[in-house]
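Participant: Contents of start05.cif (mmCIF, C-alpha atoms) are given next:
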data_coords
loop_
_atom_site.label_atom_id
_atom_site.label_comp_id
_atom_site.auth_asym_id
_atom_site.auth_seq_id
_atom_site.Cartn_x
_atom_site.Cartn_y
_atom_site.Cartn_z
CA MET A 1 93.92 -78.69 -119.72
CA LEU A 2 92.82 -81.41 -117.30
CA ARG A 3 89.47 -79.71 -116.88
CA LEU A 4 89.06 -79.43 -120.65
CA CYS A 5 89.82 -83.12 -121.09
CA LEU A 6 87.24 -83.98 -118.45
CA LEU A 7 84.69 -81.83 -120.20
CA LEU A 8 85.43 -83.50 -123.54
CA CYS A 9 84.83 -86.86 -121.89
CA VAL A 10 81.46 -85.67 -120.70
CA ILE A 11 80.62 -84.69 -124.28
CA ALA A 12 81.54 -88.13 -125.58
CA ALA A 13 79.25 -89.74 -123.06
CA THR A 14 76.46 -87.32 -123.82
CA THR A 15 76.49 -87.97 -127.58
CA ALA A 16 75.65 -91.62 -126.89
CA CYS A 17 72.29 -90.54 -125.53
CA ALA A 18 69.26 -90.21 -127.76
CA LYS A 19 69.05 -86.74 -129.28
CA ARG A 20 65.85 -84.93 -128.40
CA GLU A 21 64.34 -82.80 -131.15
CA ARG A 22 63.45 -79.30 -130.11
CA GLN A 23 59.66 -78.93 -129.99
CA ALA A 24 57.54 -75.81 -130.13
CA GLU A 25 55.86 -76.76 -126.89
CA SER A 26 57.42 -76.51 -123.47
CA ASN A 27 59.92 -79.19 -122.55
CA VAL A 28 60.24 -78.36 -118.88
CA PRO A 29 61.79 -80.83 -116.46
CA LYS A 30 59.35 -82.21 -113.94
CA SER A 31 61.37 -81.68 -110.76
CA SER A 32 60.46 -78.74 -108.59
CA ALA A 33 62.39 -75.52 -109.09
CA ALA A 34 62.13 -75.05 -105.32
CA GLU A 35 64.54 -77.97 -104.90
CA ALA A 36 67.16 -76.43 -107.19
CA GLU A 37 69.96 -74.07 -106.21
CA LEU A 38 69.97 -72.51 -109.69
CA VAL A 39 67.11 -72.18 -112.19
CA ILE A 40 68.00 -71.54 -115.84
CA TYR A 41 65.55 -70.50 -118.56
CA SER A 42 66.99 -71.44 -121.94
CA PRO A 43 65.87 -71.85 -125.57
CA HIS A 44 69.11 -73.67 -126.40
CA TYR A 45 68.72 -77.25 -127.61
CA THR A 46 68.84 -79.53 -124.58
CA ASP A 47 71.41 -81.86 -126.14
CA LYS A 48 73.77 -78.85 -126.25
CA THR A 49 73.14 -77.61 -122.73
CA GLU A 50 72.97 -80.77 -120.66
CA PHE A 51 76.67 -81.62 -120.74
CA ILE A 52 77.59 -78.04 -119.76
CA ILE A 53 75.10 -78.03 -116.90
CA ARG A 54 76.33 -81.44 -115.78
CA GLU A 55 79.94 -80.24 -115.72
CA PHE A 56 78.97 -77.08 -113.82
CA ARG A 57 77.18 -79.19 -111.22
CA GLN A 58 80.19 -81.53 -110.88
CA ARG A 59 82.58 -78.62 -110.40
CA THR A 60 80.45 -76.59 -108.00
CA GLY A 61 78.01 -79.02 -106.37
CA ILE A 62 75.16 -76.65 -107.32
CA THR A 63 71.88 -78.37 -108.26
CA VAL A 64 70.46 -76.94 -111.51
CA GLU A 65 66.91 -76.84 -112.88
CA LEU A 66 66.60 -76.23 -116.65
CA VAL A 67 63.41 -74.79 -118.11
CA TYR A 68 63.41 -75.21 -121.87
CA GLN A 69 61.15 -73.40 -124.35
CA GLY A 70 61.42 -70.97 -127.27
CA THR A 71 62.85 -67.52 -126.68
CA THR A 72 59.54 -65.69 -127.00
CA GLU A 73 57.68 -68.11 -124.77
CA LEU A 74 60.34 -67.90 -122.07
CA LEU A 75 60.45 -64.11 -122.11
CA GLU A 76 56.66 -63.98 -121.88
CA ARG A 77 56.76 -66.47 -119.03
CA LEU A 78 59.41 -64.44 -117.22
CA ALA A 79 57.43 -61.22 -117.65
CA HIS A 80 54.25 -62.89 -116.40
CA GLU A 81 56.03 -64.28 -113.36
CA ARG A 82 57.46 -60.89 -112.55
CA GLU A 83 54.06 -59.21 -112.85
CA SER A 84 52.67 -61.88 -110.52
CA GLY A 85 55.40 -61.31 -107.94
CA VAL A 86 56.93 -64.74 -108.60
CA HIS A 87 60.72 -64.99 -108.70
CA THR A 88 61.78 -68.40 -109.99
CA ALA A 89 64.44 -67.97 -112.68
CA ASP A 90 68.05 -67.00 -112.01
CA VAL A 91 69.65 -67.05 -115.47
CA PHE A 92 68.33 -66.49 -118.98
CA TRP A 93 70.70 -68.35 -121.30
CA GLY A 94 70.13 -67.98 -125.04
CA GLY A 95 68.03 -66.02 -127.48
CA GLY A 96 69.18 -63.31 -129.87
CA ILE A 97 70.35 -60.28 -127.94
CA GLU A 98 67.78 -58.11 -129.74
CA SER A 99 65.19 -60.04 -127.76
CA LEU A 100 67.15 -59.64 -124.52
CA GLU A 101 67.79 -55.95 -125.14
CA ALA A 102 64.07 -55.40 -125.70
CA ASN A 103 63.41 -56.92 -122.26
CA THR A 104 66.14 -55.47 -120.04
CA ALA A 105 63.50 -54.67 -117.39
CA LEU A 106 63.56 -58.41 -116.66
CA PHE A 107 67.32 -58.51 -116.02
CA ALA A 108 69.90 -57.14 -113.59
CA PRO A 109 73.31 -55.75 -114.61
CA TYR A 110 76.26 -58.07 -114.05
CA ARG A 111 79.88 -57.59 -115.08
CA SER A 112 81.33 -61.04 -115.65
CA SER A 113 84.85 -61.82 -114.52
CA GLN A 114 85.47 -63.01 -118.12
CA LEU A 115 84.48 -59.72 -119.74
CA ASP A 116 88.02 -58.58 -120.64
CA ALA A 117 88.47 -61.60 -122.94
CA ILE A 118 85.22 -60.96 -124.84
CA ASN A 119 84.83 -58.87 -127.98
CA PRO A 120 83.20 -55.59 -126.82
CA ALA A 121 80.90 -55.71 -129.87
CA TYR A 122 79.14 -58.65 -128.21
CA CYS A 123 78.55 -57.01 -124.83
CA ASP A 124 75.89 -54.65 -123.53
CA PRO A 125 77.63 -51.45 -122.35
CA GLU A 126 75.28 -51.45 -119.35
CA GLN A 127 75.91 -55.18 -118.80
CA TYR A 128 72.30 -56.34 -118.73
CA TRP A 129 73.43 -59.15 -121.03
CA THR A 130 76.67 -60.59 -122.38
CA GLY A 131 77.04 -62.46 -125.65
CA PHE A 132 77.57 -66.21 -125.33
CA SER A 133 78.07 -67.24 -128.96
CA VAL A 134 77.77 -65.58 -132.36
CA MET A 135 75.19 -66.57 -134.97
CA THR A 136 75.56 -65.67 -138.66
CA MET A 137 72.39 -65.75 -140.74
CA VAL A 138 72.64 -67.81 -143.94
CA LEU A 139 70.76 -69.52 -146.75
CA VAL A 140 70.82 -73.29 -147.22
CA TYR A 141 69.73 -75.40 -150.17
CA ASN A 142 69.44 -79.06 -151.06
CA THR A 143 72.26 -79.95 -153.45
CA ASP A 144 70.30 -82.86 -154.97
CA LEU A 145 67.25 -80.76 -155.82
CA VAL A 146 68.57 -77.31 -156.73
CA PRO A 147 70.39 -77.13 -160.09
CA ALA A 148 73.48 -74.98 -160.48
CA ASP A 149 71.65 -72.19 -162.30
CA LYS A 150 69.11 -71.91 -159.48
CA ILE A 151 71.49 -71.79 -156.52
CA PRO A 152 70.46 -68.74 -154.46
CA ARG A 153 73.23 -66.18 -154.01
CA THR A 154 71.17 -63.45 -152.34
CA TRP A 155 68.08 -63.26 -150.14
CA ARG A 156 66.12 -61.97 -153.11
CA ASP A 157 67.04 -65.01 -155.23
CA LEU A 158 64.57 -67.01 -153.15
CA LEU A 159 61.77 -65.14 -154.92
CA ASP A 160 62.48 -67.13 -158.10
CA PRO A 161 59.29 -69.06 -158.99
CA PHE A 162 61.38 -72.21 -158.76
CA PHE A 163 61.33 -71.85 -154.97
CA ALA A 164 57.63 -70.91 -154.61
CA HIS A 165 56.28 -72.73 -151.53
CA ARG A 166 59.51 -74.73 -151.40
CA ILE A 167 61.41 -72.57 -148.91
CA ILE A 168 61.24 -72.79 -145.14
CA MET A 169 62.22 -70.50 -142.29
CA PRO A 170 61.55 -70.38 -138.55
CA ASP A 171 58.51 -68.38 -137.51
CA PRO A 172 59.67 -64.96 -136.22
CA MET A 173 56.69 -64.85 -133.86
CA ARG A 174 58.21 -67.77 -131.94
CA SER A 175 61.93 -67.81 -132.69
CA GLY A 176 64.61 -65.33 -131.65
CA SER A 177 66.92 -66.41 -134.48
CA ALA A 178 64.08 -65.87 -136.97
CA TYR A 179 63.78 -62.26 -135.80
CA SER A 180 67.52 -61.93 -136.48
CA ILE A 181 66.92 -63.27 -140.01
CA LEU A 182 64.27 -60.59 -140.59
CA ASN A 183 66.78 -57.96 -139.54
CA ALA A 184 69.45 -59.42 -141.81
CA ILE A 185 67.07 -59.06 -144.77
CA LEU A 186 66.00 -55.57 -143.73
CA SER A 187 69.65 -54.52 -143.42
CA SER A 188 70.54 -55.95 -146.84
CA GLU A 189 67.79 -53.97 -148.59
CA ARG A 190 68.15 -50.55 -146.98
CA ASP A 191 70.52 -49.25 -149.65
CA GLY A 192 67.99 -48.52 -152.38
CA GLY A 193 65.74 -51.56 -151.96
CA ASP A 194 62.27 -51.93 -150.57
CA GLU A 195 62.89 -54.19 -147.62
CA TRP A 196 59.27 -54.57 -146.62
CA VAL A 197 58.24 -55.69 -150.10
CA LEU A 198 60.97 -58.32 -149.99
CA LEU A 199 59.82 -59.59 -146.61
CA ARG A 200 56.21 -59.80 -147.76
CA GLU A 201 57.18 -61.68 -150.91
CA LEU A 202 59.40 -64.07 -148.96
CA LYS A 203 56.55 -64.85 -146.58
CA ASN A 204 54.33 -65.53 -149.59
CA ALA A 205 57.02 -67.72 -151.14
CA ALA A 206 57.26 -69.76 -147.94
CA GLY A 207 53.50 -70.15 -147.63
CA THR A 208 51.73 -71.29 -144.48
CA GLY A 209 53.65 -74.56 -144.49
CA GLY A 210 57.03 -72.88 -144.76
CA LEU A 211 56.97 -71.18 -141.36
CA ALA A 212 58.49 -73.70 -138.98
CA ALA A 213 57.37 -73.83 -135.37
CA ALA A 214 60.98 -74.40 -134.28
CA SER A 215 64.24 -73.24 -135.84
CA SER A 216 65.66 -76.78 -135.61
CA GLN A 217 63.16 -77.93 -138.25
CA VAL A 218 64.63 -75.81 -141.06
CA HIS A 219 67.93 -77.50 -141.88
CA SER A 220 66.51 -81.01 -141.48
CA ALA A 221 63.56 -80.22 -143.78
CA VAL A 222 65.95 -78.97 -146.47
CA ALA A 223 68.43 -81.84 -146.04
CA THR A 224 65.66 -84.44 -146.43
CA GLY A 225 64.28 -82.72 -149.53
CA GLU A 226 60.96 -81.68 -148.05
CA TYR A 227 61.96 -78.14 -149.03
CA PHE A 228 64.44 -76.91 -151.63
CA ALA A 229 65.96 -74.08 -149.57
CA GLY A 230 65.77 -72.42 -146.17
CA LEU A 231 66.72 -69.42 -144.10
CA THR A 232 68.57 -70.28 -140.92
CA ALA A 233 71.62 -69.69 -138.75
CA GLU A 234 75.06 -70.92 -139.74
CA ASP A 235 75.46 -73.16 -136.70
CA ALA A 236 72.32 -75.13 -137.56
CA ALA A 237 73.62 -75.98 -141.03
CA LEU A 238 77.32 -76.69 -140.39
CA PRO A 239 76.74 -80.05 -138.64
CA GLU A 240 74.60 -81.24 -141.56
CA THR A 241 77.27 -80.37 -144.13
CA ALA A 242 79.96 -81.96 -141.93
CA ALA A 243 77.89 -85.15 -141.80
CA GLY A 244 77.72 -85.31 -145.60
CA GLN A 245 74.06 -84.39 -145.94
CA PRO A 246 72.96 -82.96 -149.34
CA LEU A 247 72.98 -79.46 -147.91
CA ALA A 248 75.06 -76.42 -148.84
CA ILE A 249 75.46 -73.06 -147.12
CA VAL A 250 75.29 -69.70 -148.87
CA TYR A 251 76.48 -66.49 -147.23
CA PRO A 252 74.27 -63.97 -149.08
CA ALA A 253 76.19 -61.72 -151.43
CA ASP A 254 73.89 -58.82 -150.56
CA GLY A 255 75.02 -59.11 -146.96
CA THR A 256 74.13 -60.70 -143.69
CA ILE A 257 74.52 -60.01 -139.98
CA ALA A 258 76.43 -61.65 -137.16
CA VAL A 259 74.49 -61.40 -133.94
CA PRO A 260 75.25 -62.97 -130.57
CA ASP A 261 72.85 -64.83 -128.43
CA GLY A 262 73.18 -63.83 -124.82
CA VAL A 263 73.28 -64.82 -121.20
CA ALA A 264 71.75 -62.61 -118.52
CA LEU A 265 71.21 -62.43 -114.77
CA VAL A 266 67.48 -62.35 -114.02
CA LYS A 267 66.32 -59.43 -111.89
CA ASP A 268 65.63 -60.42 -108.27
CA ALA A 269 67.07 -63.88 -108.92
CA PRO A 270 66.54 -66.12 -105.86
CA HIS A 271 70.03 -67.59 -106.31
CA ALA A 272 71.92 -64.59 -107.66
CA GLU A 273 75.41 -65.64 -106.54
CA ASN A 274 75.04 -69.10 -108.08
CA ALA A 275 73.73 -67.42 -111.23
CA LYS A 276 76.85 -65.25 -111.47
CA ARG A 277 79.06 -68.32 -111.07
CA PHE A 278 77.22 -70.01 -113.94
CA ILE A 279 77.51 -66.95 -116.21
CA ASP A 280 81.25 -66.77 -115.56
CA PHE A 281 81.53 -70.49 -116.24
CA VAL A 282 79.83 -70.45 -119.67
CA LEU A 283 81.85 -67.37 -120.72
CA GLY A 284 85.12 -68.92 -119.55
CA PRO A 285 87.68 -70.60 -121.82
CA ASP A 286 86.74 -74.22 -121.01
CA VAL A 287 83.17 -73.85 -122.29
CA GLN A 288 83.98 -71.31 -124.98
CA GLN A 289 86.59 -73.63 -126.55
CA LEU A 290 83.75 -76.08 -127.10
CA VAL A 291 81.34 -73.58 -128.67
CA PRO A 292 82.88 -73.96 -132.18
CA VAL A 293 83.44 -77.71 -131.76
CA ARG A 294 80.20 -78.83 -130.12
CA TRP A 295 77.81 -76.03 -131.09
CA TYR A 296 79.33 -75.08 -134.47
CA ARG A 297 79.04 -71.44 -133.41
CA ARG A 298 81.56 -68.64 -133.31
CA SER A 299 82.82 -67.81 -129.83
CA VAL A 300 82.42 -64.32 -128.38
CA ARG A 301 85.96 -64.54 -127.00
CA ASN A 302 88.92 -63.14 -128.90
CA ASP A 303 91.11 -66.20 -128.25
CA ILE A 304 88.96 -68.99 -129.77
CA PRO A 305 89.19 -70.24 -133.42
CA LEU A 306 86.30 -70.51 -135.90
CA PRO A 307 84.08 -73.60 -136.25
CA ALA A 308 85.21 -76.06 -138.92
CA GLY A 309 83.69 -75.14 -142.27
CA ALA A 310 82.81 -71.56 -141.33
CA GLU A 311 83.98 -68.69 -143.52
CA SER A 312 86.06 -65.90 -142.03
CA PHE A 313 84.19 -62.62 -141.63
CA SER A 314 86.92 -61.01 -143.73
CA LYS A 315 85.56 -62.93 -146.75
CA LEU A 316 81.90 -62.06 -146.12
CA ARG A 317 79.78 -58.97 -146.44
CA ILE A 318 78.83 -58.43 -142.82
CA LEU A 319 76.37 -55.57 -142.60
CA PRO A 320 76.35 -52.93 -139.86
CA TYR A 321 73.73 -53.93 -137.34
CA ASP A 322 72.33 -51.70 -134.60
CA VAL A 323 71.22 -54.16 -131.96
CA PHE A 324 69.64 -51.46 -129.83
CA ALA A 325 67.59 -50.10 -132.73
CA ALA A 326 66.50 -53.65 -133.57
CA ALA A 327 65.40 -54.11 -129.98
CA ARG A 328 63.44 -50.85 -129.96
CA SER A 329 61.77 -51.79 -133.26
CA ARG A 330 61.04 -55.39 -132.36
CA GLU A 331 57.34 -55.03 -131.67
CA ARG A 332 56.75 -52.90 -134.77
CA ILE A 333 58.70 -55.26 -137.05
CA LEU A 334 56.93 -58.35 -135.76
CA GLN A 335 53.51 -56.71 -136.04
CA THR A 336 54.27 -55.73 -139.64
CA TRP A 337 55.45 -59.25 -140.44
CA GLN A 338 52.38 -60.80 -138.82
CA ALA A 339 50.10 -58.52 -140.86
CA PHE A 340 51.44 -60.01 -144.11
CA PRO A 341 49.02 -62.84 -144.99
CA PRO A 342 50.97 -65.87 -146.21
CA GLN A 343 49.69 -67.82 -149.19
CA SER A 344 48.45 -71.35 -148.69
CA ALA A 345 51.04 -74.10 -148.74
CA ARG A 346 51.77 -75.88 -152.00
CA GLU A 347 49.61 -78.76 -153.07
CA PRO A 348 51.09 -82.18 -152.29
#
Can the structure from this file be put into structure tokens for me?
Facilitator:
Amino acid sequence: MLRLCLLLCVIAATTACAKRERQAESNVPKSSAAEAELVIYSPHYTDKTEFIIREFRQRTGITVELVYQGTTELLERLAHERESGVHTADVFWGGGIESLEANTALFAPYRSSQLDAINPAYCDPEQYWTGFSVMTMVLVYNTDLVPADKIPRTWRDLLDPFFAHRIIMPDPMRSGSAYSILNAILSSERDGGDEWVLLRELKNAAGTGGLAAASSQVHSAVATGEYFAGLTAEDAALPETAAGQPLAIVYPADGTIAVPDGVALVKDAPHAENAKRFIDFVLGPDVQQLVPVRWYRRSVRNDIPLPAGAESFSKLRILPYDVFAAARSRERILQTWQAFPPQSAREP
């Protein structure tokens, strides 16, 4: 309890700092990784990771270097480094586990000491990755701009001409959560629907301007009224609704998926033992108790309550989701998506 209180104090201090918006470009700290005793590659927003890293350093004395980019960019960077014989990273922290599962050649198996407390559905049986938090894919809309008879209840409702070029989603070619959204839509349409037609039409409805370079841009663009509706993850929208923004969340009636992001030990990590200590730390109860409170995400542990404002899975249509099939199909799905030519953005 004392440790938890200390960690909460760190959070309070951190929130006083200026919040950095996640950018599509690299936001890599300037200090040399050679000086660090642990190097973490992470697509998580830096305002959510810094207080955890700071607490880990205070508890262990281990110096940490954080490299921050999008999931796809970091995986490509890690693959390039490995091909070049460079071993810099120790931990990969974040990104949908479909992306991690598709790149297990970059990781080493590790069985965390916290594994027994974690829902087995969120763990790789071969332990190349372990879930860190759970993301549910949702729709959001601006309550000031969308009338009651136009509120989207399903993914397909976004094809209403009312939303043409007024919806936004993260670009799946750059965002791990966006790839999860594609799979949520594909899963919802497999019972008698034509999922690829729906994806093509949604891309057309978004237009070139509706594919955000970063997932963090979606909820803010909808809340400010730049777009009427968006496709995003639950945790991105819950803080906006809690803050009283004109934003509402819809759990699609035709179904959605709940997919964890993961944490993994990098293969041939220069600081493997420190990496294992960090993985155990972020999966432990002190950090996981803060996942719903600070991150607005569902914990992977069985002993942690839901985020405020989140619906229980028992009230939602959560679709079966084969993570391993999604990982195997990742390249094909993204190539198909990329081949759909989006329409030009709406006129101002």
Participant: Name the residues in contact with segment 231-233 of chain A at a cut-off of 6 Å, using all atoms listed in the file, excluding same-chain residues fewer than 4 positions from it; report them as a PyMOL selection string.
Facilitator: chain A and resi 136-139+169
Participant: Check the smallest atom-to-atom distance from each of A:Leu66, A:Leu265, A:Val218, A:Ala243 to Asp90 of chain A using all atoms listed in the file, then report the winner.
Facilitator: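 Of the candidates, the smallest distance to Asp90 of chain A is held by A:Leu265.
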Participant: At what distance in Å, to one decimal, does atom CA of Tyr296 of chain A lie from atom CA of Arg156 of chain A?
Facilitator: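 According to the coordinates, atom CA of Arg156 of chain A and atom CA of Tyr296 of chain A are separated by 26.3 Å.
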Participant: May I ask which of the residues A:Ala221, A:Val39, A:Ala164, A:Met135 is the closest one to Ile181 of chain A, counting only C-alpha atoms?
Facilitator: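 Of all the options, A:Met135 lies closest to Ile181 of chain A.
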Participant: I'd like the contact shell of Val197 of chain A - 12 Å cut-off, only C-alpha atoms, skipping same-chain residues fewer than 6 positions apart - returned as a ChimeraX atom specification.
Facilitator: /A:156,159,185-186,189-190,203-204,336-337,340
Participant: Give me the residues near Gly230 of chain A as a JSON list (two decimals) with C-alpha atoms, in the frame of the given file, where near means some atom within 8 Å (using all atoms listed in the file) and where sequence neighbours in that chain fewer than 3 positions away do not count.
Facilitator:
[["chain", "number", "residue", "atom", "x", "y", "z"],
["A", 139, "LEU", "CA", 70.76, -69.52, -146.75],
["A", 140, "VAL", "CA", 70.82, -73.29, -147.22],
["A", 141, "TYR", "CA", 69.73, -75.40, -150.17],
["A", 167, "ILE", "CA", 61.41, -72.57, -148.91],
["A", 168, "ILE", "CA", 61.24, -72.79, -145.14],
["A", 169, "MET", "CA", 62.22, -70.50, -142.29],
["A", 218, "VAL", "CA", 64.63, -75.81, -141.06],
["A", 219, "HIS", "CA", 67.93, -77.50, -141.88],
["A", 222, "VAL", "CA", 65.95, -78.97, -146.47],
["A", 227, "TYR", "CA", 61.96, -78.14, -149.03]]
Participant: Have a look at atom CA of Gly255 of chain A and atom CA of Arg317 of chain A and let me know their distance in Å, one decimal.
Facilitator: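 Computing the Euclidean distance for atom CA of Gly255 of chain A and atom CA of Arg317 of chain A yields 4.8 Å.
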Participant: List the neighbours of Pro341 of chain A out to 12 Å using all atoms listed in the file; skip same-chain residues closer than 6 positions along the sequence, and give me the result as number ranges by chain.
Facilitator: A: 199-208, 335
Participant: At a cut-off of 12 Å, using all atoms listed in the file, what residues contact Val259 of chain A? Leave out same-chain residues fewer than 4 positions from it and give the result as a CSV table (one decimal) with C-alpha atoms, in the coordinates of the input.
Facilitator:
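What landed in part_7.csv:
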chain,number,residue,atom,x,y,z
A,94,GLY,CA,70.1,-68.0,-125.0
A,95,GLY,CA,68.0,-66.0,-127.5
A,96,GLY,CA,69.2,-63.3,-129.9
A,97,ILE,CA,70.4,-60.3,-127.9
A,98,GLU,CA,67.8,-58.1,-129.7
A,99,SER,CA,65.2,-60.0,-127.8
A,121,ALA,CA,80.9,-55.7,-129.9
A,122,TYR,CA,79.1,-58.6,-128.2
A,123,CYS,CA,78.6,-57.0,-124.8
A,130,THR,CA,76.7,-60.6,-122.4
A,131,GLY,CA,77.0,-62.5,-125.6
A,132,PHE,CA,77.6,-66.2,-125.3
A,133,SER,CA,78.1,-67.2,-129.0
A,134,VAL,CA,77.8,-65.6,-132.4
A,135,MET,CA,75.2,-66.6,-135.0
A,136,THR,CA,75.6,-65.7,-138.7
A,137,MET,CA,72.4,-65.8,-140.7
A,176,GLY,CA,64.6,-65.3,-131.6
A,177,SER,CA,66.9,-66.4,-134.5
A,178,ALA,CA,64.1,-65.9,-137.0
A,179,TYR,CA,63.8,-62.3,-135.8
A,180,SER,CA,67.5,-61.9,-136.5
A,181,ILE,CA,66.9,-63.3,-140.0
A,183,ASN,CA,66.8,-58.0,-139.5
A,184,ALA,CA,69.4,-59.4,-141.8
A,233,ALA,CA,71.6,-69.7,-138.8
A,234,GLU,CA,75.1,-70.9,-139.7
A,297,ARG,CA,79.0,-71.4,-133.4
A,298,ARG,CA,81.6,-68.6,-133.3
A,299,SER,CA,82.8,-67.8,-129.8
A,300,VAL,CA,82.4,-64.3,-128.4
A,318,ILE,CA,78.8,-58.4,-142.8
A,319,LEU,CA,76.4,-55.6,-142.6
A,320,PRO,CA,76.4,-52.9,-139.9
A,321,TYR,CA,73.7,-53.9,-137.3
A,322,ASP,CA,72.3,-51.7,-134.6
A,323,VAL,CA,71.2,-54.2,-132.0
A,324,PHE,CA,69.6,-51.5,-129.8
A,326,ALA,CA,66.5,-53.6,-133.6
Participant: For the file shown, what are the residues hit by the PyMOL selection byres ((chain A and resi 62) around 10), laid out as an MDAnalysis selection string?
Facilitator: chainID A and resid 36:38 53:54 56:61 63:65 274 277:278
Participant: Can you list, as a PyMOL selection string, the residues that the PyMOL selection byres ((chain A and resi 264) around 7) selects here?
Facilitator: chain A and resi 91-93+107+128-130+262-263+265-266
Participant: For the structure shown, which residues end up in the PyMOL selection byres ((chain A and resi 270) around 8)? Put them as a list in words, please?
Facilitator: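 On this input, the PyMOL selection byres ((chain A and resi 270) around 8) captures His87, Thr88, Ala89, Asp90, Asp268, Ala269, His271 and Ala272 of chain A.
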Participant: Under the rule that only C-alpha atoms are counted, which of A:Leu283, A:Ala339, A:Trp295, A:Pro307 is the nearest residue to Gln114 of chain A?
Facilitator: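 Looking only at the distances to Gln114 of chain A, the closest residue turns out to be A:Leu283.
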Participant: Please work out which residues fall within 12 Å of (69.0, -83.3, -150.8), coordinates as given in the file, with all atoms listed in the file counting, and return them as a list in words.
Facilitator: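 Within 12 Å of (69.0, -83.3, -150.8), the protein and nucleic acid residues are Val140, Tyr141, Asn142, Thr143, Asp144, Leu145, Val146, Pro147, His219, Ser220, Ala221, Val222, Ala223, Thr224, Gly225, Glu226, Tyr227, Phe228, Ala229, Glu240, Thr241, Gly244, Gln245, Pro246, Leu247 and Ala248 of chain A.
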Participant: Can you work out the spacing between atom CA of Ala242 of chain A and atom CA of Gly309 of chain A in Å, to one decimal?
Facilitator: 7.8 Å
Participant: Report, as lines of an AutoDock Vina configuration file, the axis-aligned box around all atoms of segment 218-222 of chain A present in the file, extended by 4 Å on each side; give centre and edge lengths in Å to one decimal place.
Facilitator:
center_x = 65.7
center_y = -78.4
center_z = -143.8
size_x = 12.4
size_y = 13.2
size_z = 13.4
Participant: My list of candidates is A:Asp286, A:Glu76, A:Glu55, A:Asp116. Which is closest to Ala102 of chain A when distances are computed with all atoms listed in the file?
Facilitator: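 Answer, going by the shortest atom-to-atom distance: A:Glu76.
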Participant: When distances are computed from only C-alpha atoms, which of A:Asp254, A:Asp47, A:Glu35, A:Glu73 shows the smallest separation from Ser175 of chain A?
Facilitator: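 Of A:Asp254, A:Asp47, A:Glu35, A:Glu73, the one nearest Ser175 of chain A, counting only C-alpha atoms, is A:Glu73.
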